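To be precise, the following lines are coords.tsv, and they hold TSV, C-alpha atoms (C1' of nucleotides).
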chain	number	residue	atom	x	y	z
A	1	MET	CA	112.48	79.98	-79.01
A	2	LYS	CA	111.12	83.43	-79.63
A	3	ILE	CA	113.01	86.68	-79.77
A	4	GLY	CA	112.12	87.70	-76.22
A	5	ASP	CA	113.61	84.53	-74.79
A	6	VAL	CA	116.74	85.01	-76.86
A	7	ALA	CA	117.05	88.56	-75.63
A	8	LYS	CA	116.82	87.41	-72.02
A	9	THR	CA	119.30	84.57	-72.53
A	10	THR	CA	121.92	86.58	-74.39
A	11	GLY	CA	121.49	90.01	-72.87
A	12	CYS	CA	121.07	91.58	-76.30
A	13	SER	CA	118.00	93.74	-76.72
A	14	ILE	CA	115.24	92.65	-79.06
A	15	GLN	CA	115.96	95.54	-81.41
A	16	THR	CA	119.66	94.71	-81.43
A	17	ILE	CA	118.96	91.12	-82.40
A	18	ARG	CA	116.80	92.25	-85.30
A	19	PHE	CA	119.49	94.80	-86.19
A	20	TYR	CA	122.19	92.10	-86.32
A	21	GLU	CA	119.95	90.01	-88.51
A	22	LYS	CA	119.49	92.89	-90.93
A	23	LYS	CA	123.26	93.35	-91.02
A	24	GLY	CA	123.70	89.75	-92.06
A	25	LEU	CA	125.18	88.43	-88.84
A	26	LEU	CA	122.41	85.92	-88.17
A	27	PRO	CA	121.86	83.79	-91.24
A	28	GLU	CA	118.99	81.64	-92.42
A	29	LEU	CA	116.40	81.96	-89.69
A	30	LYS	CA	112.95	80.44	-89.69
A	31	ARG	CA	109.57	81.97	-89.07
A	32	SER	CA	106.58	80.56	-87.24
A	33	SER	CA	103.13	80.35	-88.78
A	34	GLY	CA	102.37	83.74	-87.29
A	35	ASN	CA	105.55	85.21	-88.83
A	36	TYR	CA	107.46	85.22	-85.54
A	37	ARG	CA	111.22	84.64	-85.70
A	38	VAL	CA	112.16	81.19	-84.44
A	39	TYR	CA	115.60	80.68	-82.91
A	40	ASP	CA	117.62	77.65	-81.87
A	41	LYS	CA	120.69	77.06	-79.73
A	42	GLY	CA	122.98	77.82	-82.66
A	43	THR	CA	121.69	81.34	-82.94
A	44	ILE	CA	122.25	81.92	-79.26
A	45	GLU	CA	125.85	80.80	-79.58
A	46	GLN	CA	126.26	83.08	-82.55
A	47	LEU	CA	124.85	86.01	-80.64
A	48	LEU	CA	127.17	85.37	-77.72
A	49	PHE	CA	130.06	85.24	-80.16
A	50	ILE	CA	129.01	88.59	-81.58
A	51	LYS	CA	128.63	90.02	-78.10
A	52	GLN	CA	132.08	88.82	-77.14
A	53	CYS	CA	133.58	90.44	-80.23
A	54	ARG	CA	131.66	93.65	-79.67
A	55	SER	CA	132.86	93.79	-76.07
A	56	LEU	CA	136.34	93.80	-77.58
A	57	ASP	CA	135.23	96.82	-79.60
A	58	MET	CA	135.36	95.09	-82.94
A	59	SER	CA	133.22	96.59	-85.66
A	60	ILE	CA	130.33	94.67	-87.15
A	61	THR	CA	132.32	94.32	-90.35
A	62	GLU	CA	135.16	92.72	-88.40
A	63	VAL	CA	132.75	90.39	-86.64
A	64	LYS	CA	131.28	89.43	-90.00
A	65	THR	CA	134.75	88.64	-91.33
A	66	LEU	CA	135.41	86.37	-88.36
A	67	MET	CA	132.08	84.64	-88.73
A	68	ASP	CA	132.59	84.11	-92.43
A	69	SER	CA	135.96	82.56	-91.69
A	70	ARG	CA	134.35	80.07	-89.37
A	71	SER	CA	132.58	78.51	-92.31
A	72	LYS	CA	135.92	77.73	-94.02
A	73	PRO	CA	137.63	75.59	-91.38
A	74	ASP	CA	140.42	74.32	-93.64
A	75	GLN	CA	141.76	77.70	-94.65
A	76	SER	CA	144.68	79.37	-92.96
A	77	CYS	CA	143.83	81.59	-90.02
A	78	SER	CA	146.48	84.16	-90.86
A	79	ASN	CA	143.91	86.76	-91.86
A	80	ILE	CA	142.29	86.39	-88.45
A	81	ASN	CA	145.62	86.97	-86.75
A	82	THR	CA	146.10	89.99	-88.98
A	83	LEU	CA	142.66	91.34	-88.20
A	84	ILE	CA	143.23	91.11	-84.46
A	85	ALA	CA	146.72	92.60	-84.73
A	86	LYS	CA	145.33	95.52	-86.69
A	87	HIS	CA	142.54	96.00	-84.20
A	88	LEU	CA	144.99	95.91	-81.32
A	89	SER	CA	147.22	98.44	-83.00
A	90	ASP	CA	144.21	100.73	-83.54
A	91	VAL	CA	143.41	100.49	-79.84
A	92	ILE	CA	146.99	101.30	-78.90
A	93	ILE	CA	147.00	104.32	-81.18
A	94	ARG	CA	143.73	105.51	-79.69
A	95	ILE	CA	145.13	105.16	-76.18
A	96	GLU	CA	148.10	107.29	-77.16
A	97	GLU	CA	145.84	109.92	-78.64
A	98	LEU	CA	143.72	110.01	-75.53
A	99	ASN	CA	146.77	110.29	-73.30
A	100	GLU	CA	147.88	113.36	-75.20
A	101	LEU	CA	144.38	114.72	-74.99
A	102	LYS	CA	144.42	114.13	-71.25
A	103	SER	CA	147.65	116.12	-70.88
A	104	SER	CA	146.21	119.00	-72.86
A	105	LEU	CA	143.06	119.03	-70.80
A	106	GLU	CA	144.98	118.88	-67.53
A	107	ASN	CA	147.17	121.70	-68.68
A	108	MET	CA	144.14	123.76	-69.65
A	109	ALA	CA	142.30	122.98	-66.42
A	110	SER	CA	145.27	124.24	-64.44
A	111	LYS	CA	144.89	127.68	-66.04
A	112	CYS	CA	141.82	128.51	-64.02
A	113	ASP	CA	140.11	128.07	-60.70
A	114	GLN	CA	136.45	128.21	-59.84
A	115	ASP	CA	136.27	131.79	-58.57
A	116	LYS	CA	136.77	133.96	-61.60
A	117	THR	CA	134.42	135.67	-63.98
A	118	ILE	CA	133.89	134.43	-67.50
A	119	ARG	CA	135.90	137.43	-68.64
A	120	ASP	CA	138.94	136.33	-66.66
A	121	CYS	CA	138.46	132.59	-67.05
A	122	GLY	CA	141.83	131.03	-67.76
A	123	ILE	CA	140.24	128.17	-69.65
A	124	LEU	CA	138.30	130.35	-72.05
A	125	ASN	CA	141.31	132.55	-72.64
A	126	TYR	CA	143.41	129.51	-73.35
A	127	LEU	CA	140.85	128.23	-75.82
A	128	HIS	CA	140.53	131.59	-77.47
A	129	THR	CA	144.24	131.83	-78.26
B	1	MET	CA	134.62	136.84	-97.41
B	2	LYS	CA	132.93	133.87	-98.97
B	3	ILE	CA	132.71	130.37	-97.61
B	4	GLY	CA	135.53	129.03	-99.76
B	5	ASP	CA	137.97	131.58	-98.37
B	6	VAL	CA	136.88	130.80	-94.85
B	7	ALA	CA	137.40	127.10	-95.48
B	8	LYS	CA	140.93	127.75	-96.72
B	9	THR	CA	141.76	130.07	-93.82
B	10	THR	CA	140.40	127.87	-91.05
B	11	GLY	CA	141.00	124.41	-92.44
B	12	CYS	CA	137.35	123.48	-91.92
B	13	SER	CA	135.61	122.07	-94.97
B	14	ILE	CA	132.81	124.03	-96.59
B	15	GLN	CA	130.25	121.43	-95.57
B	16	THR	CA	131.52	121.49	-92.01
B	17	ILE	CA	131.14	125.26	-91.82
B	18	ARG	CA	127.56	125.03	-93.04
B	19	PHE	CA	127.01	122.15	-90.61
B	20	TYR	CA	128.23	124.23	-87.67
B	21	GLU	CA	125.96	127.04	-88.73
B	22	LYS	CA	122.97	124.71	-88.78
B	23	LYS	CA	123.91	123.50	-85.31
B	24	GLY	CA	123.79	127.08	-84.03
B	25	LEU	CA	127.53	127.57	-83.52
B	26	LEU	CA	127.84	130.47	-85.95
B	27	PRO	CA	125.24	133.10	-85.17
B	28	GLU	CA	123.79	135.98	-87.12
B	29	LEU	CA	125.47	135.77	-90.48
B	30	LYS	CA	124.73	137.93	-93.48
B	31	ARG	CA	123.99	137.04	-97.06
B	32	SER	CA	125.09	138.74	-100.25
B	33	SER	CA	122.61	139.84	-102.90
B	34	GLY	CA	123.09	136.49	-104.60
B	35	ASN	CA	122.34	134.66	-101.34
B	36	TYR	CA	125.97	133.79	-100.64
B	37	ARG	CA	127.06	133.60	-97.02
B	38	VAL	CA	129.24	136.57	-96.06
B	39	TYR	CA	131.80	136.14	-93.29
B	40	ASP	CA	134.01	138.50	-91.32
B	41	LYS	CA	137.03	138.14	-89.06
B	42	GLY	CA	134.81	137.37	-86.07
B	43	THR	CA	133.44	134.26	-87.70
B	44	ILE	CA	136.93	133.03	-88.45
B	45	GLU	CA	137.91	133.45	-84.82
B	46	GLN	CA	134.79	131.61	-83.81
B	47	LEU	CA	135.56	128.75	-86.16
B	48	LEU	CA	139.10	128.47	-84.83
B	49	PHE	CA	137.68	128.38	-81.32
B	50	ILE	CA	135.36	125.56	-82.32
B	51	LYS	CA	138.21	123.73	-84.01
B	52	GLN	CA	140.34	124.04	-80.91
B	53	CYS	CA	137.56	122.65	-78.74
B	54	ARG	CA	136.85	119.82	-81.16
B	55	SER	CA	140.55	118.92	-81.21
B	56	LEU	CA	140.15	118.45	-77.46
B	57	ASP	CA	137.31	116.05	-78.28
B	58	MET	CA	134.57	118.21	-76.83
B	59	SER	CA	131.09	117.58	-78.16
B	60	ILE	CA	129.28	120.24	-80.12
B	61	THR	CA	126.94	120.69	-77.18
B	62	GLU	CA	129.92	121.38	-74.93
B	63	VAL	CA	131.34	123.84	-77.42
B	64	LYS	CA	127.98	125.58	-77.57
B	65	THR	CA	127.91	125.85	-73.80
B	66	LEU	CA	131.35	127.46	-73.81
B	67	MET	CA	130.39	129.87	-76.57
B	68	ASP	CA	127.18	130.84	-74.82
B	69	SER	CA	129.18	131.57	-71.69
B	70	ARG	CA	131.41	133.96	-73.58
B	71	SER	CA	128.45	136.27	-74.07
B	72	LYS	CA	127.98	136.60	-70.30
B	73	PRO	CA	131.39	137.93	-69.24
B	74	ASP	CA	130.36	138.94	-65.72
B	75	GLN	CA	129.09	135.56	-64.61
B	76	SER	CA	131.17	133.10	-62.66
B	77	CYS	CA	133.20	130.67	-64.70
B	78	SER	CA	132.65	127.78	-62.34
B	79	ASN	CA	130.44	125.93	-64.80
B	80	ILE	CA	133.24	126.08	-67.35
B	81	ASN	CA	135.66	124.59	-64.85
B	82	THR	CA	133.07	121.92	-64.12
B	83	LEU	CA	132.54	121.16	-67.80
B	84	ILE	CA	136.25	120.70	-68.42
B	85	ALA	CA	136.68	118.61	-65.29
B	86	LYS	CA	133.84	116.35	-66.37
B	87	HIS	CA	135.27	116.06	-69.85
B	88	LEU	CA	138.69	115.22	-68.46
B	89	SER	CA	137.23	112.58	-66.20
B	90	ASP	CA	135.40	111.04	-69.17
B	91	VAL	CA	138.66	110.87	-71.08
B	92	ILE	CA	140.40	109.22	-68.13
B	93	ILE	CA	137.65	106.64	-67.84
B	94	ARG	CA	137.88	105.92	-71.55
B	95	ILE	CA	141.64	105.45	-71.30
B	96	GLU	CA	141.14	102.94	-68.53
B	97	GLU	CA	138.56	101.06	-70.57
B	98	LEU	CA	140.86	100.94	-73.56
B	99	ASN	CA	143.75	99.72	-71.46
B	100	GLU	CA	141.67	96.79	-70.27
B	101	LEU	CA	140.60	96.17	-73.82
B	102	LYS	CA	144.23	96.20	-74.88
B	103	SER	CA	145.10	93.55	-72.28
B	104	SER	CA	142.26	91.34	-73.44
B	105	LEU	CA	143.28	91.66	-77.05
B	106	GLU	CA	146.92	90.94	-76.27
B	107	ASN	CA	145.91	87.91	-74.29
B	108	MET	CA	143.73	86.70	-77.13
B	109	ALA	CA	146.39	87.39	-79.77
B	110	SER	CA	148.84	85.25	-77.81
B	111	LYS	CA	146.54	82.23	-78.19
B	112	CYS	CA	147.40	81.78	-81.84
B	113	ASP	CA	150.08	82.10	-84.45
B	114	GLN	CA	149.80	82.60	-88.17
B	115	ASP	CA	150.25	79.01	-89.32
B	116	LYS	CA	147.13	77.22	-88.20
B	117	THR	CA	143.88	76.40	-89.90
B	118	ILE	CA	140.68	78.19	-89.06
B	119	ARG	CA	139.58	75.04	-87.27
B	120	ASP	CA	142.55	75.20	-84.91
B	121	CYS	CA	142.78	78.97	-84.65
B	122	GLY	CA	143.39	79.87	-81.03
B	123	ILE	CA	141.75	83.24	-81.47
B	124	LEU	CA	138.50	81.89	-82.86
B	125	ASN	CA	138.39	79.20	-80.19
B	126	TYR	CA	138.95	81.82	-77.54
B	127	LEU	CA	136.14	83.94	-78.92
B	128	HIS	CA	133.82	81.01	-79.22
B	129	THR	CA	134.12	80.11	-75.54
C	1	DA	C1'	85.50	86.59	-75.52
C	2	DT	C1'	88.51	89.76	-74.33
C	3	DA	C1'	92.51	91.83	-72.35
C	4	DA	C1'	97.43	91.76	-71.82
C	5	DA	C1'	101.75	90.62	-73.45
C	6	DG	C1'	104.57	89.70	-77.16
C	7	DT	C1'	105.95	90.33	-81.89
C	8	DC	C1'	105.91	92.32	-86.57
C	9	DT	C1'	107.52	96.14	-90.08
C	10	DA	C1'	108.85	100.61	-91.04
C	11	DT	C1'	110.54	104.74	-89.83
C	12	DA	C1'	113.05	108.39	-87.29
C	13	DC	C1'	116.70	109.68	-84.10
C	14	DT	C1'	121.53	109.93	-82.17
C	15	DT	C1'	126.99	112.20	-83.38
C	16	DG	C1'	129.97	114.73	-86.35
C	17	DG	C1'	130.41	115.19	-90.13
C	18	DT	C1'	130.90	113.68	-95.60
C	19	DA	C1'	129.00	113.30	-100.25
C	20	DT	C1'	126.14	113.72	-103.59
C	21	DA	C1'	122.26	116.14	-107.11
C	22	DG	C1'	120.41	119.88	-109.35
C	23	DA	C1'	119.98	124.72	-109.45
C	24	DG	C1'	121.62	129.34	-109.14
C	25	DT	C1'	125.56	133.08	-109.17
C	26	DC	C1'	129.65	135.36	-110.54
C	27	DA	C1'	133.91	136.58	-113.12
C	28	DA	C1'	136.52	136.36	-117.19
C	29	DC	C1'	137.25	135.68	-122.06
C	30	DG	C1'	136.23	136.11	-126.93
D	1	DC	C1'	126.50	139.47	-125.53
D	2	DG	C1'	127.16	134.68	-124.70
D	3	DT	C1'	129.18	131.06	-122.59
D	4	DT	C1'	132.44	128.55	-119.98
D	5	DG	C1'	134.28	127.46	-115.50
D	6	DA	C1'	134.51	128.12	-110.73
D	7	DC	C1'	131.93	128.89	-106.92
D	8	DT	C1'	127.86	128.63	-104.01
D	9	DC	C1'	123.11	127.41	-102.77
D	10	DT	C1'	119.51	123.91	-100.68
D	11	DA	C1'	118.07	119.47	-99.81
D	12	DT	C1'	118.85	114.94	-99.22
D	13	DA	C1'	121.22	110.56	-98.21
D	14	DC	C1'	124.96	108.12	-95.97
D	15	DC	C1'	128.35	106.20	-92.18
D	16	DA	C1'	128.43	103.25	-87.16
D	17	DA	C1'	125.84	100.77	-83.86
D	18	DG	C1'	122.30	100.76	-82.18
D	19	DT	C1'	117.72	102.95	-79.69
D	20	DA	C1'	112.95	104.34	-79.82
D	21	DT	C1'	108.83	105.11	-81.46
D	22	DA	C1'	103.90	104.00	-84.11
D	23	DG	C1'	100.50	101.07	-85.68
D	24	DA	C1'	99.24	96.49	-86.82
D	25	DC	C1'	99.16	91.64	-85.91
D	26	DT	C1'	99.58	87.13	-82.97
D	27	DT	C1'	99.59	84.59	-79.01
D	28	DT	C1'	98.57	83.68	-74.21
D	29	DA	C1'	95.93	83.93	-70.05
D	30	DT	C1'	91.81	84.67	-67.68

Show how you would write the structure in this file as structure tokens.
Amino acid sequence: MKIGDVAKTTGCSIQTIRFYEKKGLLPELKRSSGNYRVYDKGTIEQLLFIKQCRSLDMSITEVKTLMDSRSKPDQSCSNINTLIAKHLSDVIIRIEELNELKSSLENMASKCDQDKTIRDCGILNYLHT
Amino acid sequence: MKIGDVAKTTGCSIQTIRFYEKKGLLPELKRSSGNYRVYDKGTIEQLLFIKQCRSLDMSITEVKTLMDSRSKPDQSCSNINTLIAKHLSDVIIRIEELNELKSSLENMASKCDQDKTIRDCGILNYLHT
DNA sequence: ATAAAGTCTATACTTGGTATAGAGTCAACG
DNA sequence: CGTTGACTCTATACCAAGTATAGACTTTAT
């Protein structure tokens, strides 16, 4: 399988696949006689795993940690639980931040309507305070 | 006033102030004989304005738009209202995305507890699906 | 044989800063 | 007057997570 096929199958772009490889997320890959990357089913699974993690907003470092764990099947998975718990707590904190932001913006938006001049704009005056 | 004083007064770092200048947010500044940047009260106000906008998560481009508007006091402020409304709607969309993310993560976290091996980790198995 | 499509590497760009290196400036102290 | 220390200058590189090119090479199809 060549990189174009992999891109179609996984939905990752060609550049992204090469980018993940450079970041160390796709180990030990072979090259054809013409120096083309050669992929197998395993790589596709790995890419889908990465995609799944990324869709959950995990960083590449986090994904790498998870993938490294997979190669040590007899170890405890407590660090994985911890990683996910930390990630979840980060998301919750971010939601709270954004909710406060939303209130501020709504408050500010209410200070003005469309039909004023810049000079009298309630939003700009609010920001200028 | 030199850049260090401005940094202390505004709470922006020295590098950040120079960065904003390079981005065109701090116009027409003077230099001392020794080529030091010289600031006045106006610049401080401008920096606080930028800081306020950034604390509302506006992009530098958005801030620039607002600052450019301030120099045309007789124009309508409708584009400012539009800018803020768009920004608010982006924030709301992001909150919704993060709430879905949170549900997914909670669901995934519930698939496992701390005391399993990597092989049997409910989280990894969930992600691998 | 040649043209088109695919792939290769290397590099630059994005956002909003942060962090150096190496050089120059300024004030104070002896 | 010299020199030390604090401050500032420019230029450059770095972060995340890709995206987008240029220019060269390989493979495929006609």

Would you mind listing, for every residue of chain A within 12 Å of chain C, the two atoms forming the shortest contact and the distance between them in Å to one decimal, using all atoms listed in the file, sorted by chain and ascending residue number, as JSON lines?
{"residue": "A:Lys2", "atom": "CA", "partner": "C:DT7", "partner_atom": "C1'", "distance": 8.9}
{"residue": "A:Ile3", "atom": "CA", "partner": "C:DT7", "partner_atom": "C1'", "distance": 8.2}
{"residue": "A:Gly4", "atom": "CA", "partner": "C:DG6", "partner_atom": "C1'", "distance": 7.9}
{"residue": "A:Asp5", "atom": "CA", "partner": "C:DG6", "partner_atom": "C1'", "distance": 10.7}
{"residue": "A:Ile14", "atom": "CA", "partner": "C:DT7", "partner_atom": "C1'", "distance": 10.0}
{"residue": "A:Gln15", "atom": "CA", "partner": "C:DT7", "partner_atom": "C1'", "distance": 11.3}
{"residue": "A:Arg18", "atom": "CA", "partner": "C:DC8", "partner_atom": "C1'", "distance": 11.0}
{"residue": "A:Arg31", "atom": "CA", "partner": "C:DC8", "partner_atom": "C1'", "distance": 11.3}
{"residue": "A:Ser32", "atom": "CA", "partner": "C:DT7", "partner_atom": "C1'", "distance": 11.2}
{"residue": "A:Gly34", "atom": "CA", "partner": "C:DT7", "partner_atom": "C1'", "distance": 9.2}
{"residue": "A:Asn35", "atom": "CA", "partner": "C:DC8", "partner_atom": "C1'", "distance": 7.5}
{"residue": "A:Tyr36", "atom": "CA", "partner": "C:DT7", "partner_atom": "C1'", "distance": 6.5}
{"residue": "A:Arg37", "atom": "CA", "partner": "C:DT7", "partner_atom": "C1'", "distance": 8.6}
{"residue": "A:Val38", "atom": "CA", "partner": "C:DT7", "partner_atom": "C1'", "distance": 11.3}

With a cut-off of 9 Å, could you pull out the residues of chain B touching chain A and give me the nearest pair of atoms for each, distance in Å to one decimal, using all atoms listed in the file, ordered by chain and ascending number, as a tab-separated table?
residue	atom	partner	partner_atom	distance
B:Glu45	CA	A:His128	CA	8.0
B:Gln46	CA	A:His128	CA	8.6
B:Leu48	CA	A:His128	CA	8.1
B:Phe49	CA	A:His128	CA	5.8
B:Ile50	CA	A:Leu127	CA	8.9
B:Gln52	CA	A:Leu127	CA	6.6
B:Cys53	CA	A:Leu127	CA	7.1
B:Ser55	CA	A:Leu101	CA	8.4
B:Leu56	CA	A:Leu101	CA	6.2
B:Asp57	CA	A:Leu101	CA	7.9
B:Leu66	CA	A:Leu124	CA	7.7
B:Ser69	CA	A:Ile118	CA	6.9
B:Arg70	CA	A:Ile118	CA	6.6
B:Ser71	CA	A:Ile118	CA	8.7
B:Lys72	CA	A:Ile118	CA	6.9
B:Pro73	CA	A:Arg119	CA	4.6
B:Asp74	CA	A:Thr117	CA	5.5
B:Gln75	CA	A:Thr117	CA	5.4
B:Ser76	CA	A:Thr117	CA	4.3
B:Cys77	CA	A:Ile118	CA	4.7
B:Ser78	CA	A:Gln114	CA	4.6
B:Asn79	CA	A:Gln114	CA	8.1
B:Ile80	CA	A:Ile123	CA	7.7
B:Asn81	CA	A:Gln114	CA	6.2
B:Thr82	CA	A:Gln114	CA	8.3
B:Ile84	CA	A:Ala109	CA	6.8
B:Ala85	CA	A:Ala109	CA	7.2
B:His87	CA	A:Leu105	CA	8.4
B:Leu88	CA	A:Leu105	CA	6.3
B:Ser89	CA	A:Lys102	CA	8.9
B:Val91	CA	A:Lys102	CA	6.6
B:Ile92	CA	A:Lys102	CA	7.1
B:Arg94	CA	A:Leu98	CA	8.2
B:Ile95	CA	A:Ile95	CA	6.0
B:Glu96	CA	A:Ile95	CA	8.9
B:Leu98	CA	A:Ile95	CA	6.6
B:Asn99	CA	A:Ile95	CA	7.3
B:Leu101	CA	A:Leu56	CA	6.2
B:Lys102	CA	A:Leu88	CA	6.5
B:Ser104	CA	A:Leu56	CA	7.6
B:Leu105	CA	A:Leu88	CA	6.3
B:Glu106	CA	A:Leu88	CA	7.3
B:Met108	CA	A:Ile84	CA	8.6
B:Ala109	CA	A:Ile84	CA	6.8
B:Cys112	CA	A:Asn81	CA	7.4
B:Asp113	CA	A:Asn81	CA	7.0
B:Gln114	CA	A:Ser78	CA	4.5
B:Asp115	CA	A:Ser78	CA	6.6
B:Lys116	CA	A:Ser76	CA	5.8
B:Thr117	CA	A:Ser76	CA	4.3
B:Ile118	CA	A:Pro73	CA	4.6
B:Arg119	CA	A:Pro73	CA	4.6
B:Asp120	CA	A:Pro73	CA	8.1
B:Cys121	CA	A:Cys77	CA	6.1
B:Ile123	CA	A:Asn81	CA	7.5
B:Leu124	CA	A:Leu66	CA	7.7
B:Leu127	CA	A:Phe49	CA	6.3
B:His128	CA	A:Phe49	CA	5.7
B:Thr129	CA	A:Phe49	CA	8.0

If you keep C-alpha atoms, can you produce a file of those selected residues as a PDB file, in the coordinates of the input?
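Listed below is the output, selection07.pdb:
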ATOM      1  CA  GLU B  45     137.910 133.450 -84.820  1.00  0.00           C
ATOM      2  CA  GLN B  46     134.790 131.610 -83.810  1.00  0.00           C
ATOM      3  CA  LEU B  48     139.100 128.470 -84.830  1.00  0.00           C
ATOM      4  CA  PHE B  49     137.680 128.380 -81.320  1.00  0.00           C
ATOM      5  CA  ILE B  50     135.360 125.560 -82.320  1.00  0.00           C
ATOM      6  CA  GLN B  52     140.340 124.040 -80.910  1.00  0.00           C
ATOM      7  CA  CYS B  53     137.560 122.650 -78.740  1.00  0.00           C
ATOM      8  CA  SER B  55     140.550 118.920 -81.210  1.00  0.00           C
ATOM      9  CA  LEU B  56     140.150 118.450 -77.460  1.00  0.00           C
ATOM     10  CA  ASP B  57     137.310 116.050 -78.280  1.00  0.00           C
ATOM     11  CA  LEU B  66     131.350 127.460 -73.810  1.00  0.00           C
ATOM     12  CA  SER B  69     129.180 131.570 -71.690  1.00  0.00           C
ATOM     13  CA  ARG B  70     131.410 133.960 -73.580  1.00  0.00           C
ATOM     14  CA  SER B  71     128.450 136.270 -74.070  1.00  0.00           C
ATOM     15  CA  LYS B  72     127.980 136.600 -70.300  1.00  0.00           C
ATOM     16  CA  PRO B  73     131.390 137.930 -69.240  1.00  0.00           C
ATOM     17  CA  ASP B  74     130.360 138.940 -65.720  1.00  0.00           C
ATOM     18  CA  GLN B  75     129.090 135.560 -64.610  1.00  0.00           C
ATOM     19  CA  SER B  76     131.170 133.100 -62.660  1.00  0.00           C
ATOM     20  CA  CYS B  77     133.200 130.670 -64.700  1.00  0.00           C
ATOM     21  CA  SER B  78     132.650 127.780 -62.340  1.00  0.00           C
ATOM     22  CA  ASN B  79     130.440 125.930 -64.800  1.00  0.00           C
ATOM     23  CA  ILE B  80     133.240 126.080 -67.350  1.00  0.00           C
ATOM     24  CA  ASN B  81     135.660 124.590 -64.850  1.00  0.00           C
ATOM     25  CA  THR B  82     133.070 121.920 -64.120  1.00  0.00           C
ATOM     26  CA  ILE B  84     136.250 120.700 -68.420  1.00  0.00           C
ATOM     27  CA  ALA B  85     136.680 118.610 -65.290  1.00  0.00           C
ATOM     28  CA  HIS B  87     135.270 116.060 -69.850  1.00  0.00           C
ATOM     29  CA  LEU B  88     138.690 115.220 -68.460  1.00  0.00           C
ATOM     30  CA  SER B  89     137.230 112.580 -66.200  1.00  0.00           C
ATOM     31  CA  VAL B  91     138.660 110.870 -71.080  1.00  0.00           C
ATOM     32  CA  ILE B  92     140.400 109.220 -68.130  1.00  0.00           C
ATOM     33  CA  ARG B  94     137.880 105.920 -71.550  1.00  0.00           C
ATOM     34  CA  ILE B  95     141.640 105.450 -71.300  1.00  0.00           C
ATOM     35  CA  GLU B  96     141.140 102.940 -68.530  1.00  0.00           C
ATOM     36  CA  LEU B  98     140.860 100.940 -73.560  1.00  0.00           C
ATOM     37  CA  ASN B  99     143.750  99.720 -71.460  1.00  0.00           C
ATOM     38  CA  LEU B 101     140.600  96.170 -73.820  1.00  0.00           C
ATOM     39  CA  LYS B 102     144.230  96.200 -74.880  1.00  0.00           C
ATOM     40  CA  SER B 104     142.260  91.340 -73.440  1.00  0.00           C
ATOM     41  CA  LEU B 105     143.280  91.660 -77.050  1.00  0.00           C
ATOM     42  CA  GLU B 106     146.920  90.940 -76.270  1.00  0.00           C
ATOM     43  CA  MET B 108     143.730  86.700 -77.130  1.00  0.00           C
ATOM     44  CA  ALA B 109     146.390  87.390 -79.770  1.00  0.00           C
ATOM     45  CA  CYS B 112     147.400  81.780 -81.840  1.00  0.00           C
ATOM     46  CA  ASP B 113     150.080  82.100 -84.450  1.00  0.00           C
ATOM     47  CA  GLN B 114     149.800  82.600 -88.170  1.00  0.00           C
ATOM     48  CA  ASP B 115     150.250  79.010 -89.320  1.00  0.00           C
ATOM     49  CA  LYS B 116     147.130  77.220 -88.200  1.00  0.00           C
ATOM     50  CA  THR B 117     143.880  76.400 -89.900  1.00  0.00           C
ATOM     51  CA  ILE B 118     140.680  78.190 -89.060  1.00  0.00           C
ATOM     52  CA  ARG B 119     139.580  75.040 -87.270  1.00  0.00           C
ATOM     53  CA  ASP B 120     142.550  75.200 -84.910  1.00  0.00           C
ATOM     54  CA  CYS B 121     142.780  78.970 -84.650  1.00  0.00           C
ATOM     55  CA  ILE B 123     141.750  83.240 -81.470  1.00  0.00           C
ATOM     56  CA  LEU B 124     138.500  81.890 -82.860  1.00  0.00           C
ATOM     57  CA  LEU B 127     136.140  83.940 -78.920  1.00  0.00           C
ATOM     58  CA  HIS B 128     133.820  81.010 -79.220  1.00  0.00           C
ATOM     59  CA  THR B 129     134.120  80.110 -75.540  1.00  0.00           C
TER      60      THR B 129
END

Would you mind listing, as a short mmCIF file (atom, residue, chain, number, x, y, z; two decimals) with C-alpha atoms (C1' of nucleotides), in the coordinates of the input, all residues of chain D that have at least one atom within 12 Å of chain A, where only C-alpha atoms (C1' of nucleotides) are what counts?
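In the end it all went to iface.cif:
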data_model
loop_
_atom_site.label_atom_id
_atom_site.label_comp_id
_atom_site.auth_asym_id
_atom_site.auth_seq_id
_atom_site.Cartn_x
_atom_site.Cartn_y
_atom_site.Cartn_z
"C1'" DA D 16 128.43 103.25 -87.16
"C1'" DA D 17 125.84 100.77 -83.86
"C1'" DG D 18 122.30 100.76 -82.18
"C1'" DT D 19 117.72 102.95 -79.69
"C1'" DA D 20 112.95 104.34 -79.82
"C1'" DT D 21 108.83 105.11 -81.46
"C1'" DC D 25 99.16 91.64 -85.91
"C1'" DT D 26 99.58 87.13 -82.97
"C1'" DT D 27 99.59 84.59 -79.01
#

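For the residues B:Met58, B:Ile93, B:Leu83, B:Ile17, ranking by smallest atom-to-atom distance to B:Tyr39 using all atoms listed in the file places B:Ile17 first.
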
Quiz prompt | Point-to-point distance in Å for atom CA of B:Asn107 and atom CA of A:Gly24 | solution = 28.5 Å

Please, what is the axis-aligned box for every listed atom of stretch 2-12 of chain D with 5 Å on each side, as centre and edge lengths in Å to one decimal, as lines of an AutoDock Vina configuration file?
center_x = 126.3
center_y = 124.8
center_z = -112.0
size_x = 26.4
size_y = 29.7
size_z = 35.5

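Relative to atom CA of A:Lys64, atom CA of A:Lys22 is found at 12.3 Å.
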
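The space separating atom CA of B:Lys23 from atom CA of B:Gly42 comes to 17.7 Å.
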